[in-house]
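Printed here is my_file00.cif (mmCIF, C-alpha atoms):
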data_target
loop_
_atom_site.group_PDB
_atom_site.id
_atom_site.type_symbol
_atom_site.label_atom_id
_atom_site.label_comp_id
_atom_site.auth_asym_id
_atom_site.auth_seq_id
_atom_site.Cartn_x
_atom_site.Cartn_y
_atom_site.Cartn_z
ATOM 1 C CA MET A 379 -87.200 -4.762 65.598
ATOM 2 C CA ARG A 380 -86.501 -1.345 67.106
ATOM 3 C CA ALA A 381 -89.835 0.058 65.815
ATOM 4 C CA ILE A 382 -91.733 -2.917 67.198
ATOM 5 C CA ARG A 383 -90.190 -2.469 70.615
ATOM 6 C CA ARG A 384 -91.134 1.226 70.565
ATOM 7 C CA ARG A 385 -94.783 0.407 69.629
ATOM 8 C CA ASN A 386 -94.905 -2.009 72.526
ATOM 9 C CA ALA A 387 -93.603 0.651 74.827
ATOM 10 C CA TYR A 388 -96.192 3.145 73.509
ATOM 11 C CA SER A 389 -98.990 0.681 73.977
ATOM 12 C CA ARG A 390 -97.952 0.403 77.600
ATOM 13 C CA GLY A 391 -98.163 4.197 77.937
ATOM 14 C CA VAL A 392 -94.463 4.821 78.117
ATOM 15 C CA PRO A 393 -93.690 8.276 76.624
ATOM 16 C CA TYR A 394 -91.069 8.613 73.880
ATOM 17 C CA ASP A 395 -89.828 11.157 71.380
ATOM 18 C CA HIS A 396 -91.474 10.912 67.913
ATOM 19 C CA ARG A 397 -88.332 12.388 66.345
ATOM 20 C CA LYS A 398 -86.354 9.258 67.183
ATOM 21 C CA LEU A 399 -88.537 7.236 64.816
ATOM 22 C CA LEU A 400 -87.135 9.309 61.957
ATOM 23 C CA THR A 401 -83.524 8.247 62.596
ATOM 24 C CA LEU A 402 -83.851 4.798 61.011
ATOM 25 C CA PRO A 403 -85.078 5.895 57.567
ATOM 26 C CA LEU A 404 -82.656 8.800 57.604
ATOM 27 C CA ALA A 405 -79.793 6.406 58.361
ATOM 28 C CA LEU A 406 -80.890 4.096 55.560
ATOM 29 C CA THR A 407 -81.024 7.044 53.183
ATOM 30 C CA ALA A 408 -77.469 8.012 54.212
ATOM 31 C CA CYS A 409 -76.270 4.435 53.638
ATOM 32 C CA ALA A 410 -77.727 4.490 50.146
ATOM 33 C CA ALA A 411 -75.963 7.767 49.399
ATOM 34 C CA LEU A 412 -72.667 6.175 50.442
ATOM 35 C CA ALA A 413 -73.194 3.212 48.080
ATOM 36 C CA GLY A 414 -74.876 1.072 50.730
ATOM 37 C CA CYS A 415 -74.347 0.260 54.386
ATOM 38 C CA GLY A 416 -71.843 -2.340 53.295
ATOM 39 C CA GLY A 417 -69.659 0.437 51.820
ATOM 40 C CA SER A 418 -65.877 0.058 51.571
ATOM 41 C CA ALA A 419 -63.455 0.767 54.391
ATOM 42 C CA GLU A 420 -61.943 3.406 52.114
ATOM 43 C CA SER A 421 -65.223 5.310 52.078
ATOM 44 C CA ALA A 422 -65.428 5.125 55.844
ATOM 45 C CA THR A 423 -61.869 6.341 56.187
ATOM 46 C CA GLN A 424 -62.473 9.215 53.812
ATOM 47 C CA ALA A 425 -65.577 10.172 55.714
ATOM 48 C CA SER A 426 -63.806 10.076 59.053
ATOM 49 C CA SER A 427 -60.977 12.242 57.789
ATOM 50 C CA GLY A 428 -63.240 14.965 56.443
ATOM 51 C CA PRO A 429 -63.650 18.432 57.943
ATOM 52 C CA SER A 430 -64.671 18.649 61.561
ATOM 53 C CA PRO A 431 -68.173 20.037 61.909
ATOM 54 C CA ARG A 432 -66.939 22.315 64.718
ATOM 55 C CA THR A 433 -63.629 23.576 63.401
ATOM 56 C CA GLY A 434 -63.751 22.928 59.653
ATOM 57 C CA GLU A 435 -60.267 21.370 59.933
ATOM 58 C CA ALA A 436 -59.495 17.874 58.643
ATOM 59 C CA LYS A 437 -59.188 15.215 61.299
ATOM 60 C CA ALA A 438 -56.080 13.057 61.343
ATOM 61 C CA SER A 439 -56.546 9.547 59.995
ATOM 62 C CA ALA A 440 -55.983 6.670 62.380
ATOM 63 C CA PRO A 441 -52.703 4.774 61.877
ATOM 64 C CA ALA A 442 -52.920 1.637 59.773
ATOM 65 C CA THR A 443 -53.631 -1.432 61.825
ATOM 66 C CA GLY A 444 -50.758 -3.938 62.093
ATOM 67 C CA ALA A 445 -48.100 -1.309 61.370
ATOM 68 C CA ILE A 446 -44.793 -2.001 63.156
ATOM 69 C CA PRO A 447 -43.060 1.137 64.413
ATOM 70 C CA ALA A 448 -39.483 1.537 63.231
ATOM 71 C CA GLY A 449 -36.950 0.631 65.915
ATOM 72 C CA PRO A 450 -33.563 2.223 66.556
ATOM 73 C CA PRO A 451 -30.986 1.804 63.761
ATOM 74 C CA ARG A 452 -28.881 -1.330 63.966
ATOM 75 C CA LYS A 453 -25.383 -0.883 65.342
ATOM 76 C CA LYS A 454 -22.696 -1.685 62.791
ATOM 77 C CA LEU A 455 -20.685 -4.785 63.672
ATOM 78 C CA PRO A 456 -17.037 -3.964 64.465
ATOM 79 C CA LEU A 457 -15.500 -6.030 61.642
ATOM 80 C CA ALA A 458 -18.160 -5.394 58.997
ATOM 81 C CA GLY A 459 -16.555 -4.889 55.594
ATOM 82 C CA ARG A 460 -13.310 -6.587 56.642
ATOM 83 C CA THR A 461 -11.896 -9.733 55.027
ATOM 84 C CA ILE A 462 -9.831 -12.064 57.190
ATOM 85 C CA VAL A 463 -8.087 -15.195 55.962
ATOM 86 C CA ILE A 464 -7.434 -18.050 58.385
ATOM 87 C CA ASP A 465 -4.745 -20.538 57.381
ATOM 88 C CA PRO A 466 -5.019 -23.787 59.398
ATOM 89 C CA GLY A 467 -1.469 -25.116 59.494
ATOM 90 C CA HIS A 468 -0.974 -28.434 57.652
ATOM 91 C CA ASN A 469 -3.734 -30.803 56.588
ATOM 92 C CA PRO A 470 -4.858 -34.016 58.347
ATOM 93 C CA GLY A 471 -4.407 -35.838 55.025
ATOM 94 C CA ASN A 472 -0.750 -34.890 54.627
ATOM 95 C CA PHE A 473 0.261 -38.075 56.476
ATOM 96 C CA ARG A 474 -1.087 -40.159 53.590
ATOM 97 C CA HIS A 475 0.561 -38.080 50.844
ATOM 98 C CA SER A 476 4.203 -37.844 51.777
ATOM 99 C CA SER A 477 5.455 -37.957 48.183
ATOM 100 C CA GLU A 478 3.173 -35.126 47.076
ATOM 101 C CA ILE A 479 3.953 -32.786 49.951
ATOM 102 C CA SER A 480 7.688 -33.415 49.622
ATOM 103 C CA GLN A 481 7.747 -31.779 46.175
ATOM 104 C CA THR A 482 9.457 -28.399 46.392
ATOM 105 C CA VAL A 483 8.064 -24.985 45.462
ATOM 106 C CA ASN A 484 9.718 -21.600 44.984
ATOM 107 C CA ILE A 485 9.411 -19.295 48.014
ATOM 108 C CA GLY A 486 11.495 -16.427 46.667
ATOM 109 C CA THR A 487 14.599 -16.937 48.785
ATOM 110 C CA ASN A 488 14.959 -20.631 47.862
ATOM 111 C CA ARG A 489 12.871 -23.738 47.231
ATOM 112 C CA LYS A 490 11.065 -25.577 50.017
ATOM 113 C CA GLU A 491 8.769 -28.561 50.508
ATOM 114 C CA CYS A 492 5.156 -28.072 49.466
ATOM 115 C CA ASP A 493 4.031 -28.749 53.051
ATOM 116 C CA THR A 494 4.760 -30.970 56.052
ATOM 117 C CA THR A 495 2.704 -33.176 58.337
ATOM 118 C CA GLY A 496 3.236 -30.969 61.364
ATOM 119 C CA THR A 497 3.921 -32.232 64.867
ATOM 120 C CA SER A 498 1.816 -33.968 67.542
ATOM 121 C CA THR A 499 1.619 -34.559 71.282
ATOM 122 C CA ASN A 500 3.173 -37.695 72.783
ATOM 123 C CA ALA A 501 -0.361 -39.099 73.000
ATOM 124 C CA GLY A 502 -0.889 -38.637 69.252
ATOM 125 C CA TYR A 503 -3.035 -35.502 69.075
ATOM 126 C CA THR A 504 -1.871 -33.948 65.818
ATOM 127 C CA GLU A 505 -1.054 -30.363 65.054
ATOM 128 C CA ALA A 506 -3.291 -30.592 61.971
ATOM 129 C CA ALA A 507 -6.284 -31.564 64.132
ATOM 130 C CA PHE A 508 -5.487 -28.779 66.598
ATOM 131 C CA THR A 509 -5.122 -26.047 63.967
ATOM 132 C CA LEU A 510 -8.353 -26.987 62.195
ATOM 133 C CA ASP A 511 -10.321 -27.002 65.454
ATOM 134 C CA VAL A 512 -8.992 -23.602 66.549
ATOM 135 C CA SER A 513 -9.558 -22.220 63.046
ATOM 136 C CA HIS A 514 -13.218 -23.255 63.097
ATOM 137 C CA ARG A 515 -13.704 -21.573 66.456
ATOM 138 C CA LEU A 516 -11.879 -18.474 65.247
ATOM 139 C CA ARG A 517 -13.986 -18.315 62.080
ATOM 140 C CA ASP A 518 -17.210 -18.344 64.102
ATOM 141 C CA LEU A 519 -15.998 -15.571 66.404
ATOM 142 C CA LEU A 520 -14.909 -13.357 63.536
ATOM 143 C CA LYS A 521 -18.112 -13.876 61.550
ATOM 144 C CA ALA A 522 -20.127 -12.937 64.623
ATOM 145 C CA ARG A 523 -18.272 -9.603 64.537
ATOM 146 C CA GLY A 524 -19.286 -9.050 60.927
ATOM 147 C CA ALA A 525 -16.103 -10.115 59.114
ATOM 148 C CA GLU A 526 -15.955 -12.017 55.863
ATOM 149 C CA VAL A 527 -13.827 -15.058 56.650
ATOM 150 C CA VAL A 528 -11.922 -17.259 54.212
ATOM 151 C CA LEU A 529 -10.395 -20.581 55.257
ATOM 152 C CA VAL A 530 -7.329 -21.559 53.224
ATOM 153 C CA HIS A 531 -8.498 -25.167 53.558
ATOM 154 C CA ASP A 532 -11.057 -27.093 55.541
ATOM 155 C CA ALA A 533 -9.627 -30.620 55.164
ATOM 156 C CA GLU A 534 -11.798 -30.923 52.050
ATOM 157 C CA ARG A 535 -8.790 -31.769 49.882
ATOM 158 C CA PRO A 536 -6.542 -34.832 50.242
ATOM 159 C CA TYR A 537 -3.432 -32.831 51.171
ATOM 160 C CA GLY A 538 -2.013 -29.313 51.172
ATOM 161 C CA PRO A 539 -2.416 -26.735 49.831
ATOM 162 C CA CYS A 540 1.259 -26.072 49.228
ATOM 163 C CA ILE A 541 2.804 -23.112 51.007
ATOM 164 C CA ASP A 542 2.964 -20.961 47.868
ATOM 165 C CA GLU A 543 -0.727 -21.564 47.160
ATOM 166 C CA ARG A 544 -1.596 -20.698 50.760
ATOM 167 C CA ALA A 545 -0.017 -17.287 50.228
ATOM 168 C CA ARG A 546 -1.834 -16.785 46.921
ATOM 169 C CA ILE A 547 -5.211 -17.495 48.536
ATOM 170 C CA GLY A 548 -4.715 -14.674 51.040
ATOM 171 C CA ASN A 549 -3.463 -12.337 48.323
ATOM 172 C CA ALA A 550 -6.396 -13.092 46.012
ATOM 173 C CA ALA A 551 -8.864 -12.403 48.822
ATOM 174 C CA GLY A 552 -7.363 -8.944 49.331
ATOM 175 C CA ALA A 553 -7.308 -9.803 53.032
ATOM 176 C CA ASP A 554 -7.051 -7.134 55.693
ATOM 177 C CA ALA A 555 -5.188 -9.711 57.790
ATOM 178 C CA VAL A 556 -4.069 -13.332 57.470
ATOM 179 C CA VAL A 557 -3.256 -15.543 60.448
ATOM 180 C CA SER A 558 -1.731 -18.992 60.026
ATOM 181 C CA VAL A 559 -2.557 -21.153 63.056
ATOM 182 C CA HIS A 560 0.089 -23.592 64.323
ATOM 183 C CA ALA A 561 1.493 -25.373 67.370
ATOM 184 C CA ASP A 562 5.210 -25.945 67.868
ATOM 185 C CA GLY A 563 7.172 -29.150 68.307
ATOM 186 C CA SER A 564 10.111 -28.083 70.463
ATOM 187 C CA ALA A 565 11.874 -29.743 73.408
ATOM 188 C CA VAL A 566 10.358 -30.606 76.770
ATOM 189 C CA GLY A 567 10.541 -27.608 79.099
ATOM 190 C CA HIS A 568 10.046 -25.176 76.240
ATOM 191 C CA ARG A 569 6.718 -23.566 76.954
ATOM 192 C CA GLY A 570 4.527 -20.716 75.779
ATOM 193 C CA PHE A 571 3.353 -19.187 72.512
ATOM 194 C CA HIS A 572 5.001 -16.989 69.939
ATOM 195 C CA VAL A 573 4.097 -15.121 66.761
ATOM 196 C CA ILE A 574 6.268 -15.367 63.640
ATOM 197 C CA LEU A 575 6.664 -12.194 61.575
ATOM 198 C CA PRO A 576 7.875 -11.815 57.976
ATOM 199 C CA ALA A 577 11.406 -10.525 57.471
ATOM 200 C CA ARG A 578 12.106 -7.880 54.850
ATOM 201 C CA VAL A 579 12.607 -9.990 51.736
ATOM 202 C CA HIS A 580 12.963 -8.840 48.144
ATOM 203 C CA GLU A 581 14.162 -11.801 46.098
ATOM 204 C CA GLY A 582 12.621 -13.560 43.139
ATOM 205 C CA ALA A 583 8.838 -13.721 43.538
ATOM 206 C CA ALA A 584 9.060 -12.556 47.156
ATOM 207 C CA ASP A 585 8.690 -8.926 48.176
ATOM 208 C CA THR A 586 7.534 -8.285 51.735
ATOM 209 C CA THR A 587 8.528 -4.617 51.787
ATOM 210 C CA ALA A 588 4.966 -3.345 52.057
ATOM 211 C CA ILE A 589 3.780 -5.831 54.705
ATOM 212 C CA VAL A 590 6.636 -5.933 57.201
ATOM 213 C CA GLY A 591 5.348 -2.958 59.214
ATOM 214 C CA PRO A 592 1.639 -3.849 59.398
ATOM 215 C CA SER A 593 2.467 -7.521 60.002
ATOM 216 C CA ARG A 594 4.548 -6.553 63.040
ATOM 217 C CA THR A 595 1.680 -4.463 64.385
ATOM 218 C CA LEU A 596 -0.683 -7.413 63.880
ATOM 219 C CA GLY A 597 1.776 -9.697 65.661
ATOM 220 C CA GLU A 598 2.146 -7.367 68.634
ATOM 221 C CA LYS A 599 -1.626 -7.144 69.047
ATOM 222 C CA LEU A 600 -1.873 -10.932 68.926
ATOM 223 C CA VAL A 601 0.782 -11.372 71.621
ATOM 224 C CA THR A 602 -1.084 -9.050 73.983
ATOM 225 C CA GLN A 603 -4.571 -10.420 73.392
ATOM 226 C CA PHE A 604 -3.602 -14.104 73.168
ATOM 227 C CA GLY A 605 -1.796 -13.969 76.500
ATOM 228 C CA ARG A 606 -4.745 -12.166 78.080
ATOM 229 C CA ALA A 607 -7.347 -14.635 76.809
ATOM 230 C CA THR A 608 -5.443 -17.874 77.489
ATOM 231 C CA GLY A 609 -3.542 -16.951 80.638
ATOM 232 C CA THR A 610 -0.327 -18.250 79.072
ATOM 233 C CA HIS A 611 2.972 -16.446 78.505
ATOM 234 C CA PRO A 612 5.235 -15.730 75.543
ATOM 235 C CA ALA A 613 7.640 -18.564 74.780
ATOM 236 C CA ASN A 614 10.576 -19.069 77.134
ATOM 237 C CA TYR A 615 12.771 -20.493 74.364
ATOM 238 C CA ILE A 616 12.431 -18.080 71.451
ATOM 239 C CA GLY A 617 11.861 -14.358 70.941
ATOM 240 C CA SER A 618 13.722 -13.226 74.112
ATOM 241 C CA GLY A 619 10.445 -13.019 76.030
ATOM 242 C CA THR A 620 8.727 -10.771 73.473
ATOM 243 C CA GLY A 621 6.616 -13.524 71.939
ATOM 244 C CA LEU A 622 7.833 -12.364 68.500
ATOM 245 C CA ASP A 623 10.145 -14.113 66.043
ATOM 246 C CA VAL A 624 11.183 -12.848 62.599
ATOM 247 C CA ARG A 625 11.849 -15.379 59.814
ATOM 248 C CA ARG A 626 12.724 -15.270 56.110
ATOM 249 C CA ASP A 627 12.429 -18.995 55.344
ATOM 250 C CA LEU A 628 8.640 -19.423 55.378
ATOM 251 C CA GLY A 629 6.997 -19.339 51.961
ATOM 252 C CA GLY A 630 3.612 -18.456 53.414
ATOM 253 C CA LEU A 631 5.112 -15.177 54.654
ATOM 254 C CA ASN A 632 7.639 -14.472 51.891
ATOM 255 C CA LEU A 633 5.027 -14.674 49.135
ATOM 256 C CA SER A 634 2.300 -12.757 50.934
ATOM 257 C CA THR A 635 1.322 -9.296 49.695
ATOM 258 C CA VAL A 636 -1.108 -8.679 52.568
ATOM 259 C CA PRO A 637 -0.353 -8.460 56.331
ATOM 260 C CA LYS A 638 0.266 -11.986 57.576
ATOM 261 C CA VAL A 639 1.701 -13.760 60.610
ATOM 262 C CA PHE A 640 1.989 -17.276 62.012
ATOM 263 C CA ILE A 641 1.004 -18.009 65.611
ATOM 264 C CA GLU A 642 2.501 -20.996 67.430
ATOM 265 C CA CYS A 643 -0.078 -21.446 70.180
ATOM 266 C CA GLY A 644 2.111 -23.639 72.395
ATOM 267 C CA ASN A 645 4.581 -26.525 72.375
ATOM 268 C CA MET A 646 2.926 -29.877 71.724
ATOM 269 C CA ARG A 647 6.010 -31.782 72.898
ATOM 270 C CA ASP A 648 5.946 -30.325 76.386
ATOM 271 C CA PRO A 649 3.518 -32.197 78.692
ATOM 272 C CA GLN A 650 2.214 -29.054 80.396
ATOM 273 C CA ASP A 651 1.580 -27.195 77.150
ATOM 274 C CA ALA A 652 0.161 -30.349 75.582
ATOM 275 C CA ALA A 653 -2.385 -30.628 78.395
ATOM 276 C CA LEU A 654 -3.667 -27.182 77.451
ATOM 277 C CA LEU A 655 -3.655 -27.715 73.700
ATOM 278 C CA THR A 656 -5.732 -30.896 73.994
ATOM 279 C CA GLU A 657 -8.398 -29.213 76.134
ATOM 280 C CA ALA A 658 -11.420 -27.939 74.184
ATOM 281 C CA ALA A 659 -12.111 -25.099 76.621
ATOM 282 C CA TRP A 660 -8.545 -23.833 76.251
ATOM 283 C CA ARG A 661 -8.752 -24.022 72.450
ATOM 284 C CA GLN A 662 -11.788 -21.763 72.662
ATOM 285 C CA LYS A 663 -9.705 -19.306 74.684
ATOM 286 C CA ALA A 664 -6.969 -19.526 72.050
ATOM 287 C CA ALA A 665 -9.471 -18.686 69.312
ATOM 288 C CA GLN A 666 -10.794 -15.816 71.427
ATOM 289 C CA GLY A 667 -7.302 -14.409 71.893
ATOM 290 C CA ILE A 668 -6.564 -14.531 68.173
ATOM 291 C CA ALA A 669 -9.917 -12.911 67.344
ATOM 292 C CA ASP A 670 -9.288 -10.167 69.883
ATOM 293 C CA GLY A 671 -5.811 -9.570 68.492
ATOM 294 C CA ILE A 672 -7.108 -9.274 64.940
ATOM 295 C CA GLY A 673 -9.874 -6.970 66.125
ATOM 296 C CA ALA A 674 -7.418 -4.733 67.981
ATOM 297 C CA TYR A 675 -5.186 -4.568 64.895
ATOM 298 C CA LEU A 676 -8.020 -3.627 62.544
ATOM 299 C CA LYS A 677 -9.353 -1.066 64.966
ATOM 300 C CA GLY A 678 -6.062 0.763 64.604
#
As structure tokens - that is how I would like this structure written.
Amino acid sequence: MRAIRRRNAYSRGVPYDHRKLLTLPLALTACAALAGCGGSAESATQASSGPSPRTGEAKASAPATGAIPAGPPRKKLPLAGRTIVIDPGHNPGNFRHSSEISQTVNIGTNRKECDTTGTSTNAGYTEAAFTLDVSHRLRDLLKARGAEVVLVHDAERPYGPCIDERARIGNAAGADAVVSVHADGSAVGHRGFHVILPARVHEGAADTTAIVGPSRTLGEKLVTQFGRATGTHPANYIGSGTGLDVRRDLGGLNLSTVPKVFIECGNMRDPQDAALLTEAAWRQKAAQGIADGIGAYLKG
């Protein structure tokens, strides 16, 4: 078509350069030499990256199309590589299995019931329901920080586990920290939260020698961060205002070989504390405070 248009132009007396008529056959000859004008993209790329006619230096190849440039390295999550065990106090099914949970187990210092039903508010909101809800919220917060989280139970079993098994689950996980979530059932007027620490026990199957120190540090961090997140204060009826209480009669602590504490988030039998414990937004704050306390402990 190009040659026809040029002949038409010539017939009209329009001047043109005869050398331009040679470009078409020369181009066709070049195409044939390169295995046809429909040659591969590889051939074209090799040709384009050959020596520059002016400098004799190879030209840089164009970047591959669709390539995604590497972004900045991902920031490591603060609890990555850490294992945390959450022990939701009691089990909603314990109420229906009183004979099973009343069987005693060895806790080192003596024998004690497998588990109990826990307490409840005057309106019937149970401790077991509270602890499971807070534990779910806590799990999600910790996982978002990169931790591996193990729940001692998730109400998937009819009752329990027994207190000795709860300790074994944390031990088997090689946990960096274990927190058992609870709410107290004290008298009206007794308000606030407290953290229960293991006493130094070395009797029978119990030996807390190695965990007493780190468990206290974990407990202290929890007191600070829980109060900050929830806006509540250490208990006014136990711990002399410190928010800390040391006990030797809890199998979950006596039989633990990894740092472990209990946290009593408030008193379900006091109307003012109960109003907080039954509020979903406050339970989220409670979970946040526990997560922050664990994070502060593991940060060192």
Practice problem: Specify as a ChimeraX atom specification each residue included when the PyMOL selection byres ((chain A and resi 532) around 10) is applied to this file. | Solution: /A:465-466,469-470,510-511,513-514,528-531,533-535
Quiz prompt | Ground truth for the PyMOL selection byres ((chain A and resi 579-587) around 12), written as a count of residues only | solution = 37
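Proximity of A:Gly644, A:Gly619, A:Gly597, A:Gly567 to A:Leu676, computed with all atoms listed in the file, is greatest for A:Gly597.
Shortest separation to A:Glu491 among A:Gly678, A:Gly605, A:Gly538, A:Gly552 occurs at residue A:Gly538, atoms counted being all atoms listed in the file.
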Quiz item: Selected by the PyMOL selection byres ((chain A and resi 649-651) around 9) in the shown coordinates: which residues, as number ranges by chain?
Solution: A: 499-500, 566-570, 644-648, 652-656
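For the set A:Ile464, A:Thr595, A:Ala561, A:Arg606, the residue with the smallest atom-to-atom gap to A:Arg517 is A:Ile464, counting only C-alpha atoms.
Take atom CA of A:Ala522 and atom CA of A:Leu457: the distance between them is 8.8 Å.
For the set A:Glu642, A:Glu598, A:His572, A:Thr504, the residue with the smallest atom-to-atom gap to A:Pro612 is A:His572, counting only C-alpha atoms.
Of the residues listed (A:Cys643, A:Ile547, A:Ala506, A:Leu516), A:Cys643 shows the shortest atom-to-atom separation from A:His611; distances use all atoms listed in the file.
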Quiz item: Which is closest to A:Leu519 among A:Gly609, A:Arg544, A:Ile462, A:Val601, if we use only C-alpha atoms?
Solution: A:Ile462
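You will find atom CA of A:Lys663 at 21.1 Å from atom CA of A:Glu526.
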Quick one: which stretch 545-616 of chain A residues come within 6 Å of stretch 665-674 of chain A, and what is the nearest atom pair for each with the distance in Å to one decimal, counting only C-alpha atoms, rows ordered by chain and ascending number, as JSON lines?
{"residue": "A:Lys599", "atom": "CA", "partner": "A:Gly671", "partner_atom": "CA", "distance": 4.9}
{"residue": "A:Leu600", "atom": "CA", "partner": "A:Gly671", "partner_atom": "CA", "distance": 4.2}
{"residue": "A:Gln603", "atom": "CA", "partner": "A:Gly667", "partner_atom": "CA", "distance": 5.1}
{"residue": "A:Phe604", "atom": "CA", "partner": "A:Gly667", "partner_atom": "CA", "distance": 3.9}
{"residue": "A:Ala607", "atom": "CA", "partner": "A:Gly667", "partner_atom": "CA", "distance": 4.9}
Practice problem: Around the point (2.9, -25.9, 45.2) in the file's coordinates, collect all residues with an atom within 8 Å, using only C-alpha atoms, and return them as a ChimeraX atom specification. | Solution: /A:481-483,492,539-543
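Note that atom CA of A:Ala664 and atom CA of A:Gly524 are 19.6 Å apart.
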